[in-house]
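What follows is the content of protein30.txt, which has compact mmCIF, C-alpha atoms:
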```txt
# COMPACT_ATOMS: atom_id res chain seq x y z
CA MET A 1 -36.78 -58.36 4.70
CA PRO A 2 -37.88 -55.32 6.55
CA ARG A 3 -36.81 -51.96 5.38
CA PRO A 4 -34.24 -50.17 7.49
CA ILE A 5 -35.58 -47.25 9.46
CA ARG A 6 -33.97 -44.03 8.46
CA HIS A 7 -33.56 -41.18 10.82
CA LEU A 8 -34.77 -38.21 8.93
CA SER A 9 -32.91 -35.03 9.64
CA ARG A 10 -35.02 -32.11 10.69
CA GLN A 11 -35.79 -29.97 7.64
CA ALA A 12 -38.06 -27.16 8.90
CA PHE A 13 -38.91 -24.94 11.85
CA SER A 14 -41.91 -25.67 13.97
CA LEU A 15 -44.70 -23.13 14.22
CA ILE A 16 -43.71 -22.29 17.81
CA GLU A 17 -40.15 -21.50 16.76
CA LEU A 18 -41.36 -19.19 14.00
CA VAL A 19 -43.69 -17.35 16.39
CA ILE A 20 -40.85 -16.87 18.88
CA VAL A 21 -38.58 -15.41 16.20
CA ILE A 22 -41.34 -13.04 15.02
CA VAL A 23 -41.98 -11.85 18.60
CA ILE A 24 -38.25 -11.20 19.13
CA LEU A 25 -38.05 -9.20 15.88
CA ALA A 26 -41.15 -7.20 16.87
CA VAL A 27 -39.61 -6.29 20.24
CA ILE A 28 -36.36 -5.20 18.57
CA ALA A 29 -38.30 -3.09 16.05
CA ALA A 30 -40.39 -1.50 18.82
CA ILE A 31 -37.18 -0.40 20.52
CA ALA A 32 -35.20 0.65 17.43
CA VAL A 33 -37.77 2.53 15.30
CA PRO A 34 -38.49 5.35 17.80
CA ARG A 35 -34.77 5.82 18.36
CA ILE A 36 -34.19 6.16 14.63
CA GLY A 37 -36.99 8.74 14.41
CA ARG A 38 -35.51 10.76 17.26
CA ALA A 39 -32.10 10.64 15.61
CA GLY A 40 -33.55 12.25 12.48
CA GLN A 41 -35.25 14.94 14.53
CA GLY A 42 -32.06 15.52 16.50
CA SER A 43 -30.02 15.98 13.34
CA ALA A 44 -32.53 18.52 11.99
CA GLU A 45 -32.39 20.43 15.28
CA ALA A 46 -28.59 20.41 15.17
CA ALA A 47 -28.70 21.66 11.58
CA LEU A 48 -31.03 24.50 12.61
CA LYS A 49 -28.73 25.54 15.44
CA SER A 50 -25.73 25.40 13.11
CA ASP A 51 -27.47 27.40 10.37
CA LEU A 52 -28.62 30.06 12.84
CA ARG A 53 -25.12 30.33 14.29
CA LEU A 54 -23.69 30.73 10.77
CA LEU A 55 -26.28 33.34 9.75
CA ARG A 56 -25.79 35.30 12.97
CA GLU A 57 -21.99 35.28 12.59
CA VAL A 58 -22.25 36.38 8.97
CA ILE A 59 -24.60 39.22 9.95
CA GLU A 60 -22.07 40.38 12.57
CA LEU A 61 -19.26 40.27 10.00
CA TYR A 62 -21.40 42.23 7.55
CA LYS A 63 -22.17 44.82 10.23
CA ALA A 64 -18.47 45.15 11.09
CA GLU A 65 -17.68 46.06 7.47
CA HIS A 66 -20.74 48.27 6.87
CA ASN A 67 -20.73 50.98 9.55
CA ASP A 68 -22.54 48.69 12.05
CA ASP A 69 -25.59 48.59 9.73
CA PRO A 70 -27.29 45.18 9.40
CA PRO A 71 -28.04 43.79 5.93
CA ALA A 72 -31.11 45.18 4.14
CA LEU A 73 -31.29 48.27 6.38
CA ARG A 74 -30.77 50.72 3.52
CA ALA A 75 -32.05 48.54 0.70
CA ALA A 76 -35.26 49.39 -1.16
CA GLY A 77 -35.68 52.61 0.79
CA GLY A 78 -35.09 50.99 4.18
CA GLY A 79 -38.53 49.39 4.31
CA ILE A 80 -39.40 45.92 5.46
CA GLY A 81 -40.85 42.87 3.79
CA PRO A 82 -40.01 40.43 1.03
CA GLN A 83 -38.23 42.97 -1.17
CA ASN A 84 -35.71 43.56 1.59
CA GLY A 85 -35.47 39.82 2.18
CA GLU A 86 -34.15 39.62 -1.36
CA ALA A 87 -31.81 42.56 -0.64
CA PHE A 88 -30.65 40.71 2.48
CA ARG A 89 -29.83 37.63 0.38
CA ARG A 90 -27.95 39.68 -2.23
CA GLN A 91 -25.97 41.60 0.38
CA LEU A 92 -24.76 38.37 1.96
CA THR A 93 -24.13 36.37 -1.23
CA TRP A 94 -22.85 39.11 -3.58
CA TYR A 95 -20.16 41.79 -3.31
CA THR A 96 -21.01 45.05 -1.56
CA ASN A 97 -19.71 48.52 -0.96
CA ARG A 98 -19.71 50.25 2.43
CA SER A 99 -23.32 51.46 1.99
CA GLY A 100 -24.60 47.95 1.17
CA GLU A 101 -25.10 48.24 -2.59
CA ALA A 102 -24.71 44.70 -3.93
CA VAL A 103 -23.29 43.56 -7.28
CA GLU A 104 -22.62 40.06 -8.58
CA VAL A 105 -19.07 40.73 -9.81
CA ARG A 106 -16.37 42.15 -7.56
CA ASP A 107 -14.91 45.49 -8.54
CA ASN A 108 -12.92 48.21 -6.76
CA ALA A 109 -16.10 49.95 -5.62
CA HIS A 110 -17.52 46.74 -4.05
CA PRO A 111 -14.72 45.13 -2.03
CA PHE A 112 -16.75 43.35 0.67
CA GLY A 113 -18.23 39.86 0.67
CA PRO A 114 -19.60 37.55 -0.33
CA TYR A 115 -20.29 36.20 3.14
CA LEU A 116 -22.32 33.15 2.09
CA VAL A 117 -22.54 30.99 -1.01
CA SER A 118 -26.30 30.80 -0.47
CA VAL A 119 -28.85 31.18 2.30
CA PRO A 120 -29.28 27.73 3.85
CA PRO A 121 -32.69 26.07 3.65
CA LEU A 122 -34.70 25.89 6.87
CA PRO A 123 -34.22 22.29 8.11
CA VAL A 124 -37.30 21.97 10.38
CA GLY A 125 -41.02 22.66 10.57
CA LYS A 126 -43.68 23.23 7.94
CA ASN A 127 -41.43 25.67 6.08
CA ALA A 128 -38.55 23.20 5.84
CA GLY A 129 -36.58 23.62 2.64
CA ARG A 130 -37.44 27.32 2.25
CA THR A 131 -34.52 29.72 1.83
CA ALA A 132 -36.40 32.99 1.38
CA VAL A 133 -35.91 35.65 4.04
CA ILE A 134 -38.43 38.26 5.14
CA THR A 135 -37.27 41.36 6.97
CA THR A 136 -39.28 42.92 9.78
CA ASN A 137 -38.92 45.88 12.16
CA HIS A 138 -39.70 43.65 15.13
CA PHE A 139 -40.21 39.90 15.24
CA SER A 140 -43.77 39.04 14.37
CA THR A 141 -45.91 36.36 15.95
CA PRO A 142 -44.06 33.06 15.39
CA GLY A 143 -45.02 31.64 12.02
CA ALA A 144 -46.84 34.83 10.95
CA PRO A 145 -44.64 35.70 7.96
CA GLY A 146 -46.25 32.81 6.13
CA PRO A 147 -45.30 29.64 4.28
CA ASP A 148 -43.14 31.32 1.64
CA TYR A 149 -40.28 32.14 4.01
CA GLY A 150 -37.74 30.03 5.83
CA TRP A 151 -36.13 32.81 7.84
CA GLU A 152 -37.16 36.04 9.50
CA PHE A 153 -34.62 38.83 9.91
CA GLU A 154 -35.47 41.61 12.33
CA HIS A 155 -33.24 44.41 11.09
CA TYR A 156 -33.90 46.85 13.94
CA PHE A 157 -31.76 44.72 16.28
CA GLY A 158 -30.10 42.63 13.54
CA ARG A 159 -31.56 39.34 14.80
CA MET A 160 -32.32 36.19 12.84
CA ARG A 161 -34.72 33.34 13.59
CA ALA A 162 -36.44 30.39 11.96
CA ASN A 163 -39.88 31.15 10.51
CA CYS A 164 -41.67 28.45 12.50
CA ALA A 165 -44.94 28.49 14.40
CA ALA A 166 -44.73 28.48 18.19
CA ALA A 167 -46.29 25.00 18.16
CA GLU A 168 -43.34 23.59 16.17
CA VAL A 169 -41.06 22.39 18.96
CA ASP A 170 -37.96 20.29 19.46
CA ALA A 171 -37.73 17.08 21.51
CA ALA A 172 -37.39 19.13 24.72
CA GLY A 173 -40.50 21.19 23.91
CA VAL A 174 -38.60 24.37 22.97
CA PRO A 175 -40.11 26.18 19.95
CA TYR A 176 -37.75 26.34 16.98
CA CYS A 177 -38.51 30.05 16.65
CA GLU A 178 -36.85 30.60 20.05
CA TYR A 179 -33.48 29.13 19.09
```

Once you've parsed the file, please lay out its structure as structure tokens.
Amino acid sequence: MPRPIRHLSRQAFSLIELVIVIVILAVIAAIAVPRIGRAGQGSAEAALKSDLRLLREVIELYKAEHNDDPPALRAAGGGIGPQNGEAFRRQLTWYTNRSGEAVEVRDNAHPFGPYLVSVPPLPVGKNAGRTAVITTNHFSTPGAPGPDYGWEFEHYFGRMRANCAAAEVDAAGVPYCEY
């Protein structure tokens, strides 16, 4: 007696079907990956704008309470450089008196501040993650303060900017140091 013929159910994909699926996944990845990368860059740019807005508002508040003097103007003899960057940080994160003398603990002689919990880290560029501030009389060449600083504060006009090279630009081609 002959054996009955069984209809075998299909158990696997053919090679053509697998290739088609791989091609579809590759097309989806080619579309999605650049968008994800731009989203990360866009969030860093938004963080930079937000941090600069915060720092600039805090500087204006400090000036309003300190005879229109920007932070670090009278610190360390009124000079410029890293020592006044540290004075800048203390004046915005500690308590101060009208002349800008900063102390960690509030007392009757130091009623102002603190204006920030901490200086935010730079979110973009080669100096990303840096919180140190350098003070200058006039803005230097973009990126010139060096890799140790995240922010540059020009105390003559009381302006703040990111310490980024002119070649470090956003998606629209605008240098971060011009924000």

Which is closer to Tyr149 of chain A than all the others in A:Asn163, A:Ser43, A:Ser99, A:Thr135, using all atoms listed in the file?
->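 Ranking A:Asn163, A:Ser43, A:Ser99, A:Thr135 by distance to Tyr149 of chain A, first place goes to A:Asn163.
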
What's the 10 Å shell around Val124 of chain A, counting only C-alpha atoms, without same-chain residues fewer than 2 positions away, as a short mmCIF file (atom, residue, chain, number, x, y, z; two decimals) with C-alpha atoms, in the coordinates of the input?
```
data_model
loop_
_atom_site.label_atom_id
_atom_site.label_comp_id
_atom_site.auth_asym_id
_atom_site.auth_seq_id
_atom_site.Cartn_x
_atom_site.Cartn_y
_atom_site.Cartn_z
CA GLN A 41 -35.25 14.94 14.53
CA SER A 43 -30.02 15.98 13.34
CA ALA A 44 -32.53 18.52 11.99
CA GLU A 45 -32.39 20.43 15.28
CA ALA A 47 -28.70 21.66 11.58
CA LEU A 48 -31.03 24.50 12.61
CA PRO A 121 -32.69 26.07 3.65
CA LEU A 122 -34.70 25.89 6.87
CA LYS A 126 -43.68 23.23 7.94
CA ASN A 127 -41.43 25.67 6.08
CA ALA A 128 -38.55 23.20 5.84
CA GLY A 129 -36.58 23.62 2.64
CA ARG A 130 -37.44 27.32 2.25
CA GLY A 150 -37.74 30.03 5.83
CA ALA A 162 -36.44 30.39 11.96
CA ASN A 163 -39.88 31.15 10.51
CA CYS A 164 -41.67 28.45 12.50
CA GLU A 168 -43.34 23.59 16.17
CA VAL A 169 -41.06 22.39 18.96
CA ASP A 170 -37.96 20.29 19.46
CA TYR A 176 -37.75 26.34 16.98
#
```

Residues within 7 Å of Phe112 of chain A, please, as a compact mmCIF listing (two decimals) with C-alpha atoms, keeping the file's coordinate frame. Count all atoms listed in the file; anything in the same chain fewer than 4 positions from it doesn't count.
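This went into part.txt:
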```txt
# COMPACT_ATOMS: atom_id res chain seq x y z
CA TYR A 95 -20.16 41.79 -3.31
CA THR A 96 -21.01 45.05 -1.56
CA ASN A 97 -19.71 48.52 -0.96
```

Hey, can you check how far atom CA of Ser50 of chain A sits from atom CA of Tyr156 of chain A?
->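 About the pair atom CA of Ser50 of chain A and atom CA of Tyr156 of chain A: they are 23.0 Å apart.
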